[in-house]
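Novice: You'll find entry_4.txt just under this line, and it carries compact mmCIF, C-alpha atoms.
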```txt
# COMPACT_ATOMS: atom_id res chain seq x y z
CA MET A 1325 13.68 1.48 -29.24
CA ILE A 1326 14.83 2.81 -25.88
CA THR A 1327 13.16 5.87 -24.35
CA ILE A 1328 14.74 7.33 -21.24
CA ARG A 1329 12.68 8.70 -18.36
CA ARG A 1330 15.02 11.07 -16.56
CA SER A 1331 14.90 11.04 -12.78
CA THR A 1332 14.32 14.78 -12.60
CA GLU A 1333 11.31 14.55 -14.90
CA ARG A 1334 9.45 12.23 -12.52
CA GLY A 1335 6.66 13.48 -10.34
CA HIS A 1336 7.91 14.62 -6.97
CA ALA A 1337 6.14 14.76 -3.63
CA GLN A 1338 8.02 16.29 -0.72
CA HIS A 1339 6.03 16.08 2.50
CA GLY A 1340 8.86 16.52 4.98
CA TRP A 1341 8.64 12.98 6.36
CA LEU A 1342 8.32 11.57 2.84
CA ASP A 1343 10.39 12.39 -0.22
CA SER A 1344 8.87 10.45 -3.08
CA TRP A 1345 9.67 10.38 -6.77
CA HIS A 1346 7.00 8.93 -9.04
CA THR A 1347 8.04 7.40 -12.36
CA PHE A 1348 4.38 7.16 -13.35
CA SER A 1349 1.25 9.03 -12.35
CA PHE A 1350 0.48 8.53 -8.68
CA ALA A 1351 -1.54 10.34 -6.02
CA ASP A 1352 -1.46 14.04 -6.82
CA TYR A 1353 1.01 13.57 -9.67
CA TYR A 1354 -0.90 13.10 -12.88
CA ASP A 1355 0.69 13.01 -16.31
CA PRO A 1356 -1.34 11.29 -19.02
CA ALA A 1357 1.89 10.62 -20.92
CA HIS A 1358 3.20 8.56 -17.99
CA MET A 1359 0.43 6.29 -16.74
CA GLY A 1360 2.57 3.17 -16.66
CA PHE A 1361 4.30 0.87 -19.13
CA ARG A 1362 2.65 -2.37 -20.18
CA SER A 1363 1.54 -3.99 -16.89
CA LEU A 1364 3.96 -1.87 -14.86
CA ARG A 1365 1.78 0.76 -13.20
CA VAL A 1366 3.85 2.37 -10.44
CA ILE A 1367 7.49 2.80 -9.51
CA ASN A 1368 7.82 5.06 -6.50
CA ASP A 1369 11.26 5.91 -5.18
CA ASP A 1370 10.52 6.62 -1.53
CA ARG A 1371 12.66 8.03 1.28
CA VAL A 1372 10.84 7.99 4.61
CA ALA A 1373 11.98 9.77 7.76
CA PRO A 1374 12.71 7.79 10.95
CA ALA A 1375 9.63 6.38 12.67
CA ARG A 1376 7.32 7.74 9.99
CA GLY A 1377 5.42 5.99 7.27
CA PHE A 1378 2.16 5.19 5.56
CA GLY A 1379 -0.70 4.44 7.94
CA SER A 1380 -3.16 1.66 7.25
CA HIS A 1381 -4.59 1.88 3.76
CA ALA A 1382 -6.21 -0.47 1.29
CA HIS A 1383 -5.29 -2.04 -2.03
CA ARG A 1384 -7.29 -4.15 -4.46
CA ASP A 1385 -6.33 -6.04 -7.58
CA MET A 1386 -2.67 -5.08 -7.65
CA GLU A 1387 0.64 -6.88 -7.29
CA ILE A 1388 2.77 -4.78 -4.95
CA ILE A 1389 6.50 -5.32 -4.64
CA SER A 1390 8.64 -3.47 -2.12
CA TYR A 1391 12.43 -3.47 -2.57
CA VAL A 1392 14.45 -1.83 0.19
CA LEU A 1393 17.71 -0.17 -0.78
CA ASP A 1394 18.71 1.18 2.65
CA GLY A 1395 17.26 0.88 6.11
CA GLY A 1396 14.29 -1.15 7.28
CA LEU A 1397 10.61 -1.10 6.45
CA SER A 1398 8.03 -2.35 8.92
CA HIS A 1399 4.98 -3.96 7.37
CA ARG A 1400 1.65 -4.91 8.98
CA ASP A 1401 -1.39 -6.12 7.12
CA SER A 1402 -4.92 -7.45 7.42
CA MET A 1403 -3.73 -10.99 6.67
CA GLY A 1404 -1.91 -10.92 10.00
CA GLU A 1405 1.53 -10.50 8.47
CA SER A 1406 3.94 -8.35 10.46
CA HIS A 1407 7.54 -8.10 9.25
CA ILE A 1408 10.54 -5.88 8.98
CA LEU A 1409 12.00 -5.78 5.54
CA GLY A 1410 15.62 -4.86 4.85
CA PRO A 1411 17.85 -4.76 1.78
CA ASN A 1412 18.12 -7.94 -0.26
CA THR A 1413 14.67 -9.07 0.79
CA ILE A 1414 11.80 -9.35 -1.63
CA GLN A 1415 8.35 -8.43 -0.39
CA ALA A 1416 5.42 -9.08 -2.67
CA MET A 1417 1.73 -8.72 -1.90
CA SER A 1418 -1.11 -9.77 -4.13
CA ALA A 1419 -3.88 -7.43 -3.03
CA GLY A 1420 -6.50 -9.44 -4.90
CA THR A 1421 -9.97 -9.08 -3.38
CA GLY A 1422 -8.62 -6.56 -0.89
CA ILE A 1423 -6.06 -5.98 1.79
CA VAL A 1424 -5.26 -3.27 4.31
CA HIS A 1425 -1.66 -2.65 5.25
CA SER A 1426 0.70 -0.12 6.75
CA GLU A 1427 4.37 0.58 6.00
CA PHE A 1428 6.59 2.41 8.43
CA ASN A 1429 10.27 3.12 8.75
CA ALA A 1430 11.40 0.50 11.24
CA SER A 1431 14.15 2.76 12.60
CA GLU A 1432 13.72 5.58 15.08
CA THR A 1433 16.95 7.20 13.89
CA ALA A 1434 17.74 6.45 10.24
CA PRO A 1435 15.77 7.02 7.05
CA VAL A 1436 14.59 4.16 4.88
CA HIS A 1437 14.96 4.20 1.11
CA PHE A 1438 12.88 1.79 -0.93
CA LEU A 1439 11.25 1.27 -4.28
CA GLN A 1440 7.59 0.43 -4.34
CA ILE A 1441 6.43 -1.22 -7.52
CA TRP A 1442 2.88 -1.92 -8.61
CA ILE A 1443 2.14 -4.36 -11.41
CA GLU A 1444 -1.37 -4.85 -12.69
CA PRO A 1445 -2.42 -8.47 -12.37
CA ALA A 1446 -3.69 -10.50 -15.28
CA MET A 1447 -6.87 -11.36 -13.36
CA GLU A 1448 -9.01 -9.74 -10.71
CA ASP A 1449 -10.30 -11.10 -7.43
CA VAL A 1450 -7.38 -13.39 -6.60
CA LYS A 1451 -6.99 -14.47 -3.02
CA PRO A 1452 -4.75 -11.97 -1.21
CA SER A 1453 -1.29 -13.24 -0.36
CA TYR A 1454 2.02 -12.14 1.11
CA GLN A 1455 5.50 -13.36 0.26
CA GLN A 1456 8.85 -12.39 1.72
CA ILE A 1457 12.09 -13.90 0.44
CA ALA A 1458 15.55 -12.98 1.68
CA PHE A 1459 18.57 -13.56 -0.54
CA ASP A 1460 22.31 -13.27 -0.34
CA PRO A 1461 23.49 -10.01 -1.95
CA ALA A 1462 26.06 -12.07 -3.85
CA GLU A 1463 23.14 -13.47 -5.86
CA LYS A 1464 22.67 -10.10 -7.59
CA GLN A 1465 26.34 -9.22 -7.92
CA GLY A 1466 27.26 -9.28 -11.59
CA ARG A 1467 24.12 -11.24 -12.44
CA PHE A 1468 20.35 -11.02 -12.57
CA ARG A 1469 18.59 -12.08 -9.40
CA LEU A 1470 14.91 -12.93 -9.87
CA ILE A 1471 12.67 -10.74 -7.70
CA ALA A 1472 9.27 -11.80 -9.02
CA GLY A 1473 7.74 -13.81 -11.83
CA PRO A 1474 4.45 -15.35 -13.00
CA HIS A 1475 2.91 -18.28 -11.16
CA ASP A 1476 3.28 -20.55 -14.13
CA HIS A 1477 6.84 -19.65 -14.75
CA ASP A 1478 9.67 -21.94 -15.61
CA ALA A 1479 12.32 -19.81 -14.06
CA ASN A 1480 15.99 -20.38 -14.59
CA PRO A 1481 17.17 -21.88 -11.30
CA ALA A 1482 20.35 -19.84 -11.62
CA ASP A 1483 18.27 -16.67 -11.21
CA GLY A 1484 17.13 -17.72 -7.74
CA VAL A 1485 13.68 -18.13 -6.22
CA GLY A 1486 11.49 -15.08 -6.58
CA ALA A 1487 8.03 -14.10 -5.49
CA VAL A 1488 5.13 -15.35 -7.59
CA ILE A 1489 2.89 -12.68 -9.05
CA HIS A 1490 -0.27 -12.92 -11.15
CA GLN A 1491 1.10 -11.37 -14.31
CA ASP A 1492 3.46 -12.26 -17.15
CA ALA A 1493 6.11 -9.93 -15.77
CA TRP A 1494 9.58 -10.86 -14.64
CA VAL A 1495 11.42 -8.55 -12.27
CA TYR A 1496 15.17 -8.82 -11.68
CA ALA A 1497 17.72 -6.95 -9.59
CA ALA A 1498 21.37 -6.68 -10.56
CA GLU A 1499 24.38 -4.95 -9.08
CA LEU A 1500 27.48 -4.20 -11.15
CA ARG A 1501 30.89 -3.20 -9.91
CA ALA A 1502 33.34 -1.24 -12.01
CA GLY A 1503 34.47 -3.42 -14.88
CA GLU A 1504 31.53 -5.81 -14.69
CA THR A 1505 29.06 -6.01 -17.54
CA LEU A 1506 25.86 -7.88 -18.20
CA SER A 1507 23.94 -8.71 -21.32
CA ARG A 1508 20.52 -10.18 -21.76
CA PRO A 1509 18.56 -11.20 -24.82
CA LEU A 1510 15.04 -9.89 -25.13
CA ASN A 1511 12.48 -11.70 -27.26
CA ASN A 1512 11.33 -9.23 -29.88
CA HIS A 1513 7.71 -9.55 -28.85
CA ARG A 1514 8.57 -8.59 -25.28
CA PHE A 1515 8.99 -5.21 -23.69
CA ALA A 1516 11.28 -4.14 -20.87
CA TRP A 1517 11.74 -1.39 -18.33
CA VAL A 1518 15.03 -0.61 -16.62
CA GLN A 1519 14.97 1.37 -13.37
CA MET A 1520 18.18 2.68 -11.86
CA ALA A 1521 18.27 2.19 -8.11
CA ARG A 1522 21.84 3.29 -7.39
CA GLY A 1523 24.66 4.75 -9.41
CA ALA A 1524 24.96 5.28 -13.14
CA MET A 1525 25.08 2.89 -16.04
CA LYS A 1526 25.22 2.58 -19.80
CA LEU A 1527 22.25 0.71 -21.26
CA ASN A 1528 23.05 -0.26 -24.85
CA GLY A 1529 25.50 2.64 -24.78
CA LEU A 1530 22.94 5.15 -23.47
CA ASP A 1531 23.68 6.93 -20.19
CA LEU A 1532 21.34 6.30 -17.28
CA ALA A 1533 21.82 8.10 -13.97
CA GLU A 1534 20.48 7.21 -10.55
CA GLY A 1535 16.68 7.34 -10.58
CA ASP A 1536 16.45 7.26 -14.37
CA GLY A 1537 14.22 4.73 -16.06
CA ALA A 1538 14.04 3.48 -19.61
CA SER A 1539 11.28 1.84 -21.61
CA ILE A 1540 12.42 -0.72 -24.15
CA SER A 1541 10.57 -2.14 -27.11
CA ALA A 1542 11.58 -3.91 -30.32
CA GLU A 1543 15.05 -4.66 -29.00
CA THR A 1544 16.56 -8.10 -29.08
CA ALA A 1545 19.59 -7.60 -26.88
CA LEU A 1546 20.35 -5.48 -23.85
CA SER A 1547 23.79 -4.60 -22.50
CA PHE A 1548 24.54 -3.09 -19.12
CA ALA A 1549 27.77 -1.55 -17.86
CA PRO A 1550 28.42 0.80 -14.91
CA SER A 1551 29.46 4.29 -15.88
CA ASP A 1552 32.03 4.81 -13.16
CA ALA A 1553 33.99 3.23 -10.35
CA ALA A 1554 31.07 3.49 -7.95
CA GLY A 1555 29.18 0.77 -9.75
CA CYS A 1556 25.42 0.58 -9.93
CA GLU A 1557 22.28 -1.32 -9.02
CA PHE A 1558 19.19 -1.53 -11.18
CA LEU A 1559 15.96 -3.40 -11.69
CA LEU A 1560 14.99 -4.99 -14.98
CA PHE A 1561 11.35 -5.64 -15.83
CA ASP A 1562 10.71 -8.13 -18.65
CA LEU A 1563 7.10 -7.51 -19.69
CA ALA A 1564 4.53 -8.91 -22.05
CA MET B 669 -20.98 3.31 -7.91
CA ASN B 670 -18.02 2.49 -5.68
CA ALA B 671 -18.76 3.38 -2.09
CA ARG B 672 -16.53 5.49 0.11
CA VAL B 673 -16.46 4.15 3.64
CA VAL B 674 -14.77 5.70 6.64
CA VAL B 675 -14.03 3.21 9.41
CA VAL B 676 -13.75 4.89 12.81
CA PHE B 677 -12.73 2.85 15.82
CA ALA B 678 -11.42 2.99 19.36
CA SER B 679 -8.78 0.53 20.48
CA ARG B 680 -6.15 0.23 23.16
CA ARG B 681 -4.75 -3.25 22.72
CA GLY B 682 -5.53 -3.97 19.09
CA SER B 683 -8.61 -6.17 19.40
CA THR B 684 -11.05 -3.63 18.02
CA GLU B 685 -8.42 -2.54 15.50
CA ARG B 686 -8.47 -6.05 14.09
CA LEU B 687 -12.24 -5.86 13.72
CA ALA B 688 -11.93 -2.44 12.11
CA THR B 689 -9.34 -3.67 9.64
CA ALA B 690 -11.52 -6.67 8.79
CA ALA B 691 -14.55 -4.43 8.24
CA ALA B 692 -12.44 -2.22 5.99
CA VAL B 693 -11.31 -5.26 4.00
CA GLY B 694 -14.96 -6.22 3.57
CA ALA B 695 -15.78 -2.82 2.16
CA VAL B 696 -12.77 -3.05 -0.19
CA GLU B 697 -13.96 -6.47 -1.35
CA MET B 698 -17.13 -4.70 -2.53
CA ARG B 699 -14.80 -2.33 -4.43
CA GLY B 700 -15.24 0.47 -1.94
CA GLU B 701 -12.61 3.01 -1.02
CA ILE B 702 -11.82 3.17 2.67
CA ARG B 703 -10.24 5.38 5.26
CA LEU B 704 -9.34 4.09 8.72
CA ARG B 705 -9.43 6.51 11.67
CA LEU B 706 -8.62 6.03 15.36
CA LEU B 707 -10.77 7.90 17.87
CA PRO B 708 -8.62 10.01 20.17
CA ASP B 709 -8.17 8.49 23.61
CA SER B 710 -7.54 10.98 26.38
CA ALA B 711 -6.80 8.34 29.01
CA SER B 712 -3.45 8.82 30.70
CA ASP B 713 -2.69 5.15 31.30
CA LEU B 714 -2.78 3.63 27.84
CA PRO B 715 -1.38 0.10 27.64
CA PRO B 716 2.02 -0.21 25.95
CA GLU B 717 0.86 -2.91 23.55
CA GLY B 718 -1.35 -0.33 21.86
CA ALA B 719 1.41 2.27 21.45
CA TYR B 720 1.65 1.59 17.73
CA LEU B 721 -1.99 2.59 17.23
CA ALA B 722 -1.46 6.31 17.73
CA LYS B 723 1.47 6.18 15.32
CA GLU B 724 -0.28 4.26 12.59
CA TYR B 725 -3.65 5.96 12.57
CA VAL B 726 -4.81 9.53 12.34
CA PRO B 727 -7.91 10.72 14.17
CA PRO B 728 -11.17 11.35 12.31
CA ARG B 729 -11.14 14.54 10.31
CA ASP B 730 -13.97 16.79 9.24
CA ALA B 731 -12.96 16.01 5.67
CA ASP B 732 -13.89 12.36 6.22
CA ALA B 733 -17.58 13.19 6.65
CA ALA B 734 -17.32 15.29 3.51
CA TRP B 735 -15.71 12.38 1.64
CA ALA B 736 -17.45 9.21 2.82
CA ASP B 737 -20.83 7.76 1.87
CA ALA B 738 -20.92 5.47 4.88
CA LEU B 739 -19.44 5.18 8.33
CA ILE B 740 -18.54 2.02 10.17
CA LEU B 741 -18.04 2.76 13.86
CA LEU B 742 -16.39 0.16 16.07
CA LEU B 743 -16.38 0.65 19.83
CA PRO B 744 -14.83 -1.73 22.37
CA ASN B 745 -16.24 -3.04 25.64
CA TRP B 746 -14.28 -0.57 27.75
CA LEU B 747 -15.59 2.55 26.04
CA ASP B 748 -18.53 4.27 27.71
CA ALA B 749 -21.13 5.56 25.29
CA ALA B 750 -20.99 8.84 27.24
CA SER B 751 -17.23 9.10 26.79
CA PRO B 752 -16.03 12.70 26.33
CA ASP B 753 -13.79 11.55 23.46
CA LEU B 754 -16.80 10.06 21.67
CA ASP B 755 -18.92 13.09 22.50
CA ARG B 756 -16.33 15.46 21.00
CA TRP B 757 -16.33 13.45 17.80
CA PHE B 758 -20.14 13.53 17.54
CA THR B 759 -20.00 17.29 18.03
CA SER B 760 -17.52 17.66 15.20
CA LEU B 761 -19.67 15.43 12.98
CA ASP B 762 -22.67 17.62 13.66
CA ALA B 763 -20.66 20.70 12.73
CA VAL B 764 -19.84 19.18 9.34
CA ARG B 765 -23.48 18.22 8.90
CA GLN B 766 -24.47 21.84 9.41
CA SER B 767 -22.16 22.81 6.54
CA ASP B 768 -22.71 22.09 2.88
CA ARG B 769 -19.89 19.54 2.83
CA TRP B 770 -21.79 16.64 4.45
CA ARG B 771 -21.81 13.52 2.34
CA LEU B 772 -22.42 10.72 4.83
CA ARG B 773 -25.68 8.83 4.32
CA ALA B 774 -25.40 5.64 6.31
CA ALA B 775 -23.76 4.24 9.40
CA ALA B 776 -23.08 0.81 10.82
CA VAL B 777 -22.10 0.24 14.44
CA ILE B 778 -20.10 -2.66 15.84
CA ALA B 779 -20.17 -2.42 19.63
CA PRO B 780 -21.59 -4.10 22.73
CA ASP B 781 -25.38 -4.07 22.64
CA ALA B 782 -25.80 -1.35 25.25
CA THR B 783 -23.26 0.91 23.54
CA ARG B 784 -24.83 0.35 20.16
CA ALA B 785 -28.27 1.13 21.58
CA ALA B 786 -26.91 4.45 22.86
CA VAL B 787 -24.90 5.40 19.79
CA GLU B 788 -27.23 4.48 16.94
CA PRO B 789 -29.84 7.10 17.85
CA ARG B 790 -27.13 9.77 17.86
CA LEU B 791 -26.09 8.74 14.36
CA ALA B 792 -29.73 8.62 13.24
CA ALA B 793 -30.16 12.14 14.60
CA LEU B 794 -27.45 13.19 12.13
CA GLY B 795 -29.68 11.97 9.34
CA LEU B 796 -27.84 8.70 8.79
CA SER B 797 -29.57 5.48 7.84
CA ILE B 798 -28.54 2.83 10.31
CA ILE B 799 -27.37 -0.45 8.81
CA PRO B 800 -28.15 -3.18 11.33
CA PRO B 801 -25.64 -5.99 11.73
CA PRO B 802 -26.90 -9.26 10.26
CA THR B 803 -25.60 -11.14 13.27
CA THR B 804 -23.65 -10.48 16.42
CA VAL B 805 -20.23 -9.29 15.30
CA ALA B 806 -17.86 -11.33 17.41
CA SER B 807 -14.96 -12.04 15.10
CA PRO B 808 -12.94 -10.42 12.32
CA GLU B 809 -14.81 -12.63 9.86
CA ASP B 810 -18.14 -11.28 11.15
CA ALA B 811 -16.74 -7.75 10.84
CA ARG B 812 -15.56 -8.43 7.31
CA MET B 813 -19.03 -9.58 6.28
CA PHE B 814 -20.58 -6.53 7.89
CA GLY B 815 -18.07 -4.38 6.03
CA ARG B 816 -19.14 -6.04 2.79
CA ALA B 817 -22.78 -5.34 3.60
CA THR B 818 -22.02 -1.72 4.39
CA GLY B 819 -19.94 -1.29 1.25
CA CYS B 820 -22.71 -2.80 -0.81
CA PHE B 821 -25.42 -0.69 0.84
CA ALA B 822 -23.46 2.53 0.45
CA GLY B 823 -22.63 1.78 -3.16
CA ASP B 824 -26.23 1.15 -4.08
CA ALA B 825 -27.77 4.01 -2.13
```
If you convert what's in this file into structure tokens, what do you get?

Specialist:
Amino acid sequence: MITIRRSTERGHAQHGWLDSWHTFSFADYYDPAHMGFRSLRVINDDRVAPARGFGSHAHRDMEIISYVLDGGLSHRDSMGESHILGPNTIQAMSAGTGIVHSEFNASETAPVHFLQIWIEPAMEDVKPSYQQIAFDPAEKQGRFRLIAGPHDHDANPADGVGAVIHQDAWVYAAELRAGETLSRPLNNHRFAWVQMARGAMKLNGLDLAEGDGASISAETALSFAPSDAAGCEFLLFDLA
Amino acid sequence: MNARVVVVFASRRGSTERLATAAAVGAVEMRGEIRLRLLPDSASDLPPEGAYLAKEYVPPRDADAAWADALILLLPNWLDAASPDLDRWFTSLDAVRQSDRWRLRAAAVIAPDATRAAVEPRLAALGLSIIPPPTTVASPEDARMFGRATGCFAGDA
């Protein structure tokens, strides 16, 4: 079964410096029908104005993945990590027992567009950690590039090295040009979420536009094809 | 009950900020919620290495005293206990206390001994229970442990 979450139906927070679309309940956006999907708790589609961002704030017991689509994101945290994150770089934080971090647009002139993803960990009180992995954009072109997976995973080396998170959740990015297609089997006891990052696509023949998401259950095969010449980019979450 | 802790600090080069962040982490470890606030600094010759501080932190707000159970106040060596910036903040705190929005019950101070000796009575005069540091707070690890103690105290009170 595939249920589409249209981009325009997401929660929306427009603060001037921040234009944020919430796939699931977040901050002032509360919808009991959209509290998350399996261990996937948050997908925020954030556009932040130049030189602005989220001042120091805390997290606990959450796996936080940031995936930049355009621009640069400056990260500082209580573990002493200080980085600028651009496209095709995976950033994953295990908040564990507690961390404080800030996220700012690294540019004084251009906006940054990124997805922030929260996945509930399988256990509490893990030691906080930070991972940042850069990859060649060719690794997601026409194929699934691993973004994150469980610490005891036996990942397919062809999917690349991803961040390790404390949950049975696999996160992939893929980019398709016009004419390219992808397919992926899904074990029938698994669930999946597809989140459109850029462009439009057909998922098992169903139309998904930019910003749309789709929950998937009781499906054994997934097919992906861009809807037009512009191509598309999306994230796939394979969930327990 | 999970404590709400507001961490207020002054910093120009980031040293006290690191202690403040560590104290906040300690409170989060005790499952507290935290807010971090930077005291305004009216000095005209602020060092460039601290330029990010004003961008990343907002100053304390009246709403913080209406939200938090406990305050952790961190003051560096260079800040005079009679500082006008600090005095203005105490005045604003007192104004919130006079309203029906006041929620703060306890305060912990990380500062040089002389500063702490001057500041703690002012916090006590606001009706706050003063949480004494278990040891001299000289490192982020010390600050983290003090943050844990404050988070625990505020959660139990």

Novice: Using only C-alpha atoms, which residues sit within 12 Å of Ile1540 (chain A) once same-chain residues fewer than 2 positions away are excluded, as a PyMOL selection string?

Specialist: chain A and resi 1325-1329+1361-1362+1510-1519+1527-1528+1537-1538+1542-1546+1560-1564

Novice: Return the single residue from A:Val1450, A:Ile1408, A:Ile1443, A:Leu1393 that is closest to chain B, with distances computed using only C-alpha atoms.

Specialist: A:Val1450

Novice: Taking only C-alpha atoms into account and nothing else, which residues of chain B lie no more than 7 Å away from chain A? Please answer as a list in words.

Specialist: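 Close to chain A, chain B has Thr689, Ala690, Val693, Val696, Glu697, Ile702, Arg703, Leu704, Glu724 and Tyr725 of chain B.
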
Novice: Using CA of Ala749 (chain B) and CA of Pro708 (chain B) as the two end points, give the distance in Å to one decimal.

Specialist: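 CA of Ala749 (chain B) sits 14.2 Å away from CA of Pro708 (chain B).
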
Novice: Measure the distance from CA of Lys1526 (chain A) to CA of Arg1330 (chain A) in Å and round it to one decimal.

Specialist: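 Atom-to-atom, CA of Lys1526 (chain A) and CA of Arg1330 (chain A) are spaced 13.7 Å apart.
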
Novice: Quick one: everything within 8 Å of Ile778 (chain B), counting only C-alpha atoms, minus sequence neighbours fewer than 4 positions away in the same chain. Send it as a JSON list (two decimals) with C-alpha atoms, in the frame of the given file.

Specialist:
```json
[["chain", "number", "residue", "atom", "x", "y", "z"],
["B", 740, "ILE", "CA", -18.54, 2.02, 10.17],
["B", 741, "LEU", "CA", -18.04, 2.76, 13.86],
["B", 742, "LEU", "CA", -16.39, 0.16, 16.07],
["B", 743, "LEU", "CA", -16.38, 0.65, 19.83],
["B", 784, "ARG", "CA", -24.83, 0.35, 20.16],
["B", 801, "PRO", "CA", -25.64, -5.99, 11.73],
["B", 805, "VAL", "CA", -20.23, -9.29, 15.30],
["B", 811, "ALA", "CA", -16.74, -7.75, 10.84]]
```

Novice: Counting only C-alpha atoms, figure out which residue out of A:Asp1370, A:Asp1343, A:Glu1405, A:Glu1333 gets nearest to Ile1441 (chain A).

Specialist: A:Asp1370

Novice: Show me, as a ChimeraX atom specification, the residues that have an atom within 12 Å of Ala793 (chain B) when counting all atoms listed in the file, minus same-chain residues fewer than 4 positions from it.

Specialist: /B:758-759,761-762,765,773-775,786-789,797-798

Novice: Any idea what the distance is between CA of Pro752 (chain B) and CA of Ala711 (chain B)?

Specialist: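 CA of Ala711 (chain B) lies at a distance of 10.6 Å from CA of Pro752 (chain B).
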
Novice: Just want the 10 Å neighbourhood of Ala750 (chain B), counted on only C-alpha atoms, with same-chain residues fewer than 3 positions away dropped. Output as a list of chain:residue names.

Specialist: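 Neighbouring residues, sequence-local ones excluded: B:Leu747, B:Asp753, B:Leu754, B:Asp755, B:Thr783, B:Ala786, B:Val787.
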
Novice: Kindly indicate which residue among B:Pro800, B:Pro728, B:Gly694, B:Gly718 lies nearest to Phe677 (chain B), using only C-alpha atoms for the distances.

Specialist: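 So, comparing all the options, the nearest one is B:Pro728.
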